[in-house]
>>> print(open('coords.txt').read())   # compact mmCIF, C-alpha atoms
# COMPACT_ATOMS: atom_id res chain seq x y z
CA MET A 1 6.78 -13.07 24.55
CA SER A 2 7.63 -10.41 21.96
CA GLU A 3 8.54 -6.89 22.97
CA PRO A 4 5.80 -4.25 22.52
CA VAL A 5 6.12 -2.11 19.39
CA ASP A 6 7.08 1.53 19.92
CA LYS A 7 4.63 3.10 17.48
CA SER A 8 6.28 6.53 17.75
CA GLN A 9 9.42 5.18 16.05
CA LEU A 10 9.83 5.22 12.27
CA ARG A 11 8.44 1.97 10.84
CA ASP A 12 8.49 0.48 7.36
CA ALA A 13 5.02 0.40 5.81
CA ALA A 14 3.26 -0.57 2.59
CA THR A 15 0.21 1.03 0.99
CA ILE A 16 -1.71 -0.16 -2.04
CA LEU A 17 -3.62 1.79 -4.67
CA LEU A 18 -5.99 -0.77 -6.13
CA VAL A 19 -7.31 0.64 -9.41
CA ARG A 20 -9.97 -0.62 -11.79
CA GLN A 21 -11.04 0.58 -15.20
CA ALA A 22 -14.58 1.94 -15.54
CA PRO A 23 -16.41 3.37 -18.56
CA ALA A 24 -15.81 6.93 -17.31
CA GLY A 25 -12.17 6.31 -16.42
CA PRO A 26 -10.09 4.64 -13.70
CA GLN A 27 -11.37 4.25 -10.15
CA VAL A 28 -9.36 3.77 -6.96
CA LEU A 29 -10.39 1.95 -3.78
CA MET A 30 -10.38 4.12 -0.65
CA GLY A 31 -11.72 4.04 2.89
CA MET A 32 -11.95 6.40 5.86
CA ARG A 33 -9.96 6.08 9.07
CA GLY A 34 -11.84 6.37 12.35
CA ALA A 35 -12.23 9.69 14.15
CA ALA A 36 -10.36 8.30 17.18
CA ALA A 37 -7.37 7.00 15.18
CA ALA A 38 -3.99 8.31 16.38
CA PHE A 39 -2.76 8.66 12.79
CA MET A 40 -4.73 10.59 10.15
CA PRO A 41 -8.14 10.49 11.91
CA SER A 42 -11.24 10.90 9.71
CA LYS A 43 -9.10 10.99 6.57
CA TYR A 44 -9.70 8.97 3.41
CA VAL A 45 -6.72 6.76 2.66
CA PHE A 46 -5.63 3.72 0.67
CA PRO A 47 -5.39 0.35 2.42
CA GLY A 48 -2.01 -0.02 4.10
CA GLY A 49 -0.03 -0.31 7.29
CA ALA A 50 3.24 -1.27 8.97
CA VAL A 51 5.31 -4.27 7.92
CA ASP A 52 4.98 -7.20 10.33
CA PRO A 53 8.02 -9.35 11.22
CA GLY A 54 6.37 -12.37 9.60
CA ASP A 55 5.94 -10.64 6.25
CA ALA A 56 9.58 -11.36 5.37
CA VAL A 57 8.98 -15.13 5.29
CA VAL A 58 5.59 -15.24 3.55
CA PRO A 59 5.85 -17.28 0.31
CA LEU A 60 5.09 -15.19 -2.78
CA ALA A 61 3.46 -16.95 -5.73
CA THR A 62 4.98 -14.41 -8.11
CA PRO A 63 7.93 -12.11 -7.43
CA LEU A 64 8.10 -8.36 -7.72
CA ALA A 65 9.31 -7.04 -11.07
CA GLN A 66 13.09 -6.70 -11.04
CA GLY A 67 13.01 -2.92 -11.44
CA CYS A 68 10.55 -2.49 -8.58
CA SER A 69 12.61 -4.70 -6.32
CA ALA A 70 15.78 -2.77 -7.11
CA ARG A 71 14.18 0.61 -6.37
CA LEU A 72 12.62 -0.68 -3.15
CA SER A 73 16.06 -1.80 -2.02
CA GLN A 74 17.59 1.67 -2.33
CA HIS A 75 18.17 3.44 1.01
CA ALA A 76 16.64 0.44 2.78
CA ARG A 77 17.76 -2.51 4.86
CA PRO A 78 18.64 -5.67 2.91
CA GLY A 79 15.85 -8.07 2.08
CA LEU A 80 13.03 -5.63 2.71
CA ALA A 81 11.47 -5.60 -0.78
CA GLY A 82 9.66 -8.94 -0.46
CA ALA A 83 8.38 -8.09 3.02
CA LEU A 84 6.96 -4.80 1.72
CA ALA A 85 5.15 -6.61 -1.10
CA ALA A 86 3.70 -9.17 1.33
CA ALA A 87 2.63 -6.37 3.69
CA ALA A 88 0.80 -4.56 0.88
CA VAL A 89 -1.17 -7.70 -0.03
CA ARG A 90 -1.85 -8.51 3.63
CA GLU A 91 -3.11 -5.01 4.44
CA LEU A 92 -5.42 -5.09 1.42
CA TRP A 93 -6.79 -8.42 2.63
CA GLU A 94 -7.25 -7.30 6.23
CA GLU A 95 -8.73 -3.87 5.56
CA THR A 96 -10.92 -4.64 2.54
CA GLY A 97 -11.36 -8.43 2.46
CA LEU A 98 -9.99 -8.50 -1.12
CA MET A 99 -7.45 -11.16 -2.03
CA LEU A 100 -4.62 -10.27 -4.41
CA GLY A 101 -3.42 -13.79 -5.00
CA VAL A 102 -3.14 -16.79 -7.28
CA PRO A 103 -3.78 -20.49 -6.61
CA GLY A 104 -0.94 -22.18 -4.76
CA ARG A 105 -0.10 -24.37 -1.78
CA TRP A 106 1.57 -22.97 1.33
CA PRO A 107 4.81 -24.86 2.11
CA GLY A 108 3.92 -24.96 5.80
CA ALA A 109 1.48 -23.53 8.30
CA ALA A 110 0.32 -20.05 7.33
CA PRO A 111 0.69 -17.24 9.90
CA PRO A 112 -2.60 -16.19 11.57
CA ASP A 113 -2.94 -13.10 9.36
CA TRP A 114 -2.77 -15.31 6.26
CA GLN A 115 -5.14 -18.08 7.28
CA GLY A 116 -7.80 -16.84 4.87
CA PHE A 117 -5.35 -17.09 1.97
CA ALA A 118 -4.26 -20.60 2.92
CA GLU A 119 -7.81 -21.84 3.40
CA ALA A 120 -8.71 -20.51 -0.04
CA GLY A 121 -5.69 -22.26 -1.57
CA MET A 122 -4.13 -18.94 -2.57
CA LEU A 123 -0.67 -17.36 -2.36
CA PRO A 124 0.04 -13.60 -2.45
CA ASP A 125 0.67 -12.17 -5.92
CA ALA A 126 3.61 -9.75 -5.61
CA GLY A 127 3.94 -9.66 -9.39
CA ALA A 128 0.70 -7.65 -9.52
CA LEU A 129 2.36 -4.73 -7.68
CA THR A 130 4.15 -1.73 -9.16
CA PHE A 131 6.17 0.45 -6.80
CA VAL A 132 5.18 4.07 -7.55
CA PHE A 133 5.95 6.31 -4.54
CA ARG A 134 7.81 6.52 -1.23
CA ALA A 135 7.35 9.00 1.61
CA ILE A 136 8.63 9.28 5.17
CA THR A 137 6.37 10.93 7.75
CA PRO A 138 7.97 14.14 9.11
CA PRO A 139 9.35 14.17 12.69
CA GLY A 140 7.04 15.10 15.55
CA ARG A 141 4.01 13.07 14.44
CA PRO A 142 2.38 10.50 16.79
CA ARG A 143 3.03 7.79 14.19
CA ARG A 144 5.88 7.79 11.69
CA PHE A 145 6.16 5.53 8.65
CA ASP A 146 8.59 4.97 5.83
CA ALA A 147 5.76 4.18 3.44
CA ARG A 148 6.05 2.60 0.01
CA PHE A 149 3.03 2.96 -2.27
CA PHE A 150 2.14 0.23 -4.75
CA LEU A 151 -0.21 0.35 -7.74
CA ALA A 152 -2.21 -2.78 -8.60
CA ASP A 153 -4.88 -3.65 -11.15
CA ALA A 154 -8.14 -4.82 -9.58
CA ALA A 155 -8.38 -7.39 -12.37
CA ARG A 156 -5.72 -9.37 -10.46
CA VAL A 157 -7.98 -9.71 -7.41
CA ALA A 158 -9.50 -13.16 -6.87
CA GLY A 159 -13.27 -12.74 -6.54
CA ASP A 160 -15.72 -9.87 -6.45
CA VAL A 161 -13.96 -6.50 -6.05
CA THR A 162 -17.10 -4.95 -4.56
CA ASP A 163 -17.46 -7.53 -1.77
CA PHE A 164 -15.97 -6.04 1.41
CA SER A 165 -17.80 -8.40 3.77
CA ARG A 166 -14.55 -9.94 5.07
CA ALA A 167 -12.92 -6.59 5.89
CA CYS A 168 -11.88 -5.65 9.41
CA ASP A 169 -13.28 -2.43 10.88
CA GLU A 170 -10.12 -0.29 10.52
CA LEU A 171 -11.47 1.50 7.45
CA SER A 172 -15.09 2.57 6.99
CA HIS A 173 -16.93 3.78 3.89
CA LEU A 174 -14.90 1.53 1.61
CA HIS A 175 -15.82 2.39 -1.94
CA TRP A 176 -14.54 2.81 -5.45
CA VAL A 177 -14.08 6.47 -6.34
CA ALA A 178 -13.22 7.96 -9.72
CA LEU A 179 -9.53 8.81 -9.81
CA ALA A 180 -10.42 12.22 -11.23
CA GLU A 181 -12.70 12.94 -8.25
CA ALA A 182 -10.74 11.33 -5.39
CA ARG A 183 -8.87 14.52 -4.52
CA ARG A 184 -12.18 16.12 -3.46
CA LEU A 185 -12.32 13.83 -0.43
CA ASN A 186 -10.90 14.70 2.99
CA LEU A 187 -7.35 13.50 2.29
CA PRO A 188 -3.94 13.68 3.94
CA PHE A 189 -1.56 15.88 1.98
CA ILE A 190 0.65 12.98 0.92
CA THR A 191 -2.37 11.06 -0.38
CA GLU A 192 -3.21 14.00 -2.65
CA VAL A 193 0.35 14.01 -3.96
CA VAL A 194 0.34 10.26 -4.63
CA LEU A 195 -3.02 10.46 -6.43
CA ALA A 196 -1.67 13.17 -8.71
CA GLU A 197 1.45 11.14 -9.44
CA VAL A 198 -0.53 7.99 -10.25
CA ALA A 199 -3.02 9.89 -12.43
CA ALA A 200 -0.10 11.28 -14.44
CA LEU A 201 1.54 7.86 -14.63
CA LEU A 202 -1.61 6.21 -15.96
CA ALA A 203 -2.13 9.03 -18.46
CA ARG A 204 1.39 8.51 -19.82
CA GLY A 205 1.22 4.73 -19.99
CA GLU A 206 -1.02 2.14 -21.52
CA GLY A 207 -3.70 2.02 -18.84
CA LEU A 208 -2.81 -0.08 -15.81
CA ALA A 209 0.12 -1.62 -17.70
CA ALA A 210 1.99 1.65 -17.13
CA ARG A 211 5.46 1.36 -15.65
CA THR A 212 7.77 4.00 -14.26
CA GLU A 213 11.53 4.23 -14.63
CA THR A 214 11.97 6.31 -11.46
CA VAL A 215 9.97 6.67 -8.25
CA PRO A 216 9.44 9.92 -6.27
CA PHE A 217 10.74 9.84 -2.69
CA PHE A 218 9.81 12.48 -0.09
CA ASP A 219 12.49 11.94 2.53
CA ASN A 220 11.54 13.47 5.89
CA SER A 221 13.78 11.20 7.93
CA ASN A 222 15.19 14.23 9.76
CA GLU A 223 14.47 17.94 10.15
CA VAL A 224 15.68 18.74 6.62
CA SER A 225 13.22 17.49 3.99
CA ARG A 226 14.46 16.44 0.58
CA PHE A 227 12.89 15.19 -2.62
CA ILE A 228 14.76 12.66 -4.75
CA ARG A 229 13.90 10.00 -7.30
CA LEU A 230 14.78 6.36 -6.83
>>> encode(input="coords.txt", output="structure tokens")
Amino acid sequence: MSEPVDKSQLRDAATILLVRQAPAGPQVLMGMRGAAAAFMPSKYVFPGGAVDPGDAVVPLATPLAQGCSARLSQHARPGLAGALAAAAVRELWEETGLMLGVPGRWPGAAPPDWQGFAEAGMLPDAGALTFVFRAITPPGRPRRFDARFFLADAARVAGDVTDFSRACDELSHLHWVALAEARRLNLPFITEVVLAEVAALLARGEGLAARTETVPFFDNSNEVSRFIRL
């Protein structure tokens, strides 16, 4: 029997900004956390959550881009990049019912959280992810995460990107919101910062093909906060 997780300890986490192009401009998928949630109650957030132990061994149909993998590996334990990518895809699947994957056969039995992927004959598509932000929750919070934020194009999702019927109940009010209007929602501070960064990134690049040479990192791992770029 596995040991219970101490949720007050700093945990690695992955969050995904799924973005689609619309006639009036890009839209991002967001949902609202429950009022009774211990972390960010009643706030609108992107799908995401802590890395599970099994994420490190999930087979990826496509790898992360080399630059993303290298930046994810900075100031991190070895071998974490692939687990973070798998966690981002898994959290999107669990919280929205959307599958960021490509056809492929699992080499063995899929973990319980990935049964839907395996039954659909799909493998997670890490190559669809671009690492764009990292932030560590400040000390003293009931939940602390070392969160990596990924950008992904909704065109890489298999199926209807408006069908949330397979989502769990962790996020409510799932909907596509214009990127230019998302900051009007009830958001955590860090979510506002990430939205601004992604809006600027998309404006500088060629739509969702935009890439970044460095990634902002808000490091609150101790009492002294620092901002660096990876």
>>> closest_residue(input="coords.txt", among="A:Val58, A:Tyr44, A:Val102, A:Phe145", to="Ala13 of chain A", atoms="all atoms listed in the file")
A:Phe145
>>> residues_around(input="coords.txt", residues="Ala87 of chain A", least_positions_apart="3", cutoff="6 Å", atoms="all atoms listed in the file", output="PyMOL selection string")
chain A and resi 14+51+55+84+90-91
>>> residues_around(input="coords.txt", residues="Ala65 of chain A", least_positions_apart="4", cutoff="9 Å", atoms="only C-alpha atoms", output="PyMOL selection string")
chain A and resi 69-70+126-130
>>> closest_residue(input="coords.txt", among="A:Val193, A:Leu29, A:Ala200, A:Leu185", to="Glu95 of chain A", atoms="all atoms listed in the file")
A:Leu29
>>> closest_residue(input="coords.txt", among="A:Thr137, A:Thr214, A:Thr96, A:Thr162", to="Glu197 of chain A", atoms="all atoms listed in the file")
A:Thr214
>>> atom_distance(input="coords.txt", atom1="atom CA of Val157 of chain A", atom2="atom CA of Arg20 of chain A")
10.3 Å
>>> atom_distance(input="coords.txt", atom1="atom CA of Pro59 of chain A", atom2="atom CA of Gly31 of chain A")
27.7 Å
>>> closest_residue(input="coords.txt", among="A:Leu174, A:Ala86, A:Leu98, A:Leu10", to="Arg156 of chain A", atoms="all atoms listed in the file")
A:Leu98
>>> residues_around(input="coords.txt", residues="Gly104 of chain A", least_positions_apart="4", cutoff="7 Å", atoms="only C-alpha atoms", output="list in words")
Ala61, Gly121, Met122 and Leu123 of chain A
>>> atom_distance(input="coords.txt", atom1="atom CA of Phe150 of chain A", atom2="atom CA of Trp176 of chain A")
16.9 Å
>>> residues_around(input="coords.txt", residues="Ala81 of chain A", least_positions_apart="3", cutoff="10 Å", atoms="only C-alpha atoms", output="ChimeraX atom specification")
/A:56,63-64,68-74,76-78,84-87,148
>>> closest_residue(input="coords.txt", among="A:Ala178, A:Gln9, A:Asp153, A:Glu213", to="Pro23 of chain A", atoms="all atoms listed in the file")
A:Ala178
>>> residues_around(input="coords.txt", residues="Ala110 of chain A", least_positions_apart="2", cutoff="12 Å", atoms="all atoms listed in the file", output="list of chain:residue names")
A:Gly54, A:Asp55, A:Val57, A:Val58, A:Pro59, A:Arg105, A:Trp106, A:Pro107, A:Gly108, A:Pro112, A:Asp113, A:Trp114, A:Gln115, A:Gly116, A:Phe117, A:Ala118, A:Glu119, A:Ala120, A:Gly121, A:Met122, A:Leu123, A:Pro124
>>> closest_residue(input="coords.txt", among="A:His173, A:Arg11, A:Ala109, A:Pro142", to="Phe46 of chain A", atoms="all atoms listed in the file")
A:His173
>>> residues_near_point(input="coords.txt", point="(-8.1, 0.9, -5.6)", cutoff="7 Å", atoms="only C-alpha atoms", output="list of chain:residue names")
A:Leu17, A:Leu18, A:Val19, A:Arg20, A:Gln27, A:Val28, A:Leu29, A:Met30, A:Ala154, A:Trp176
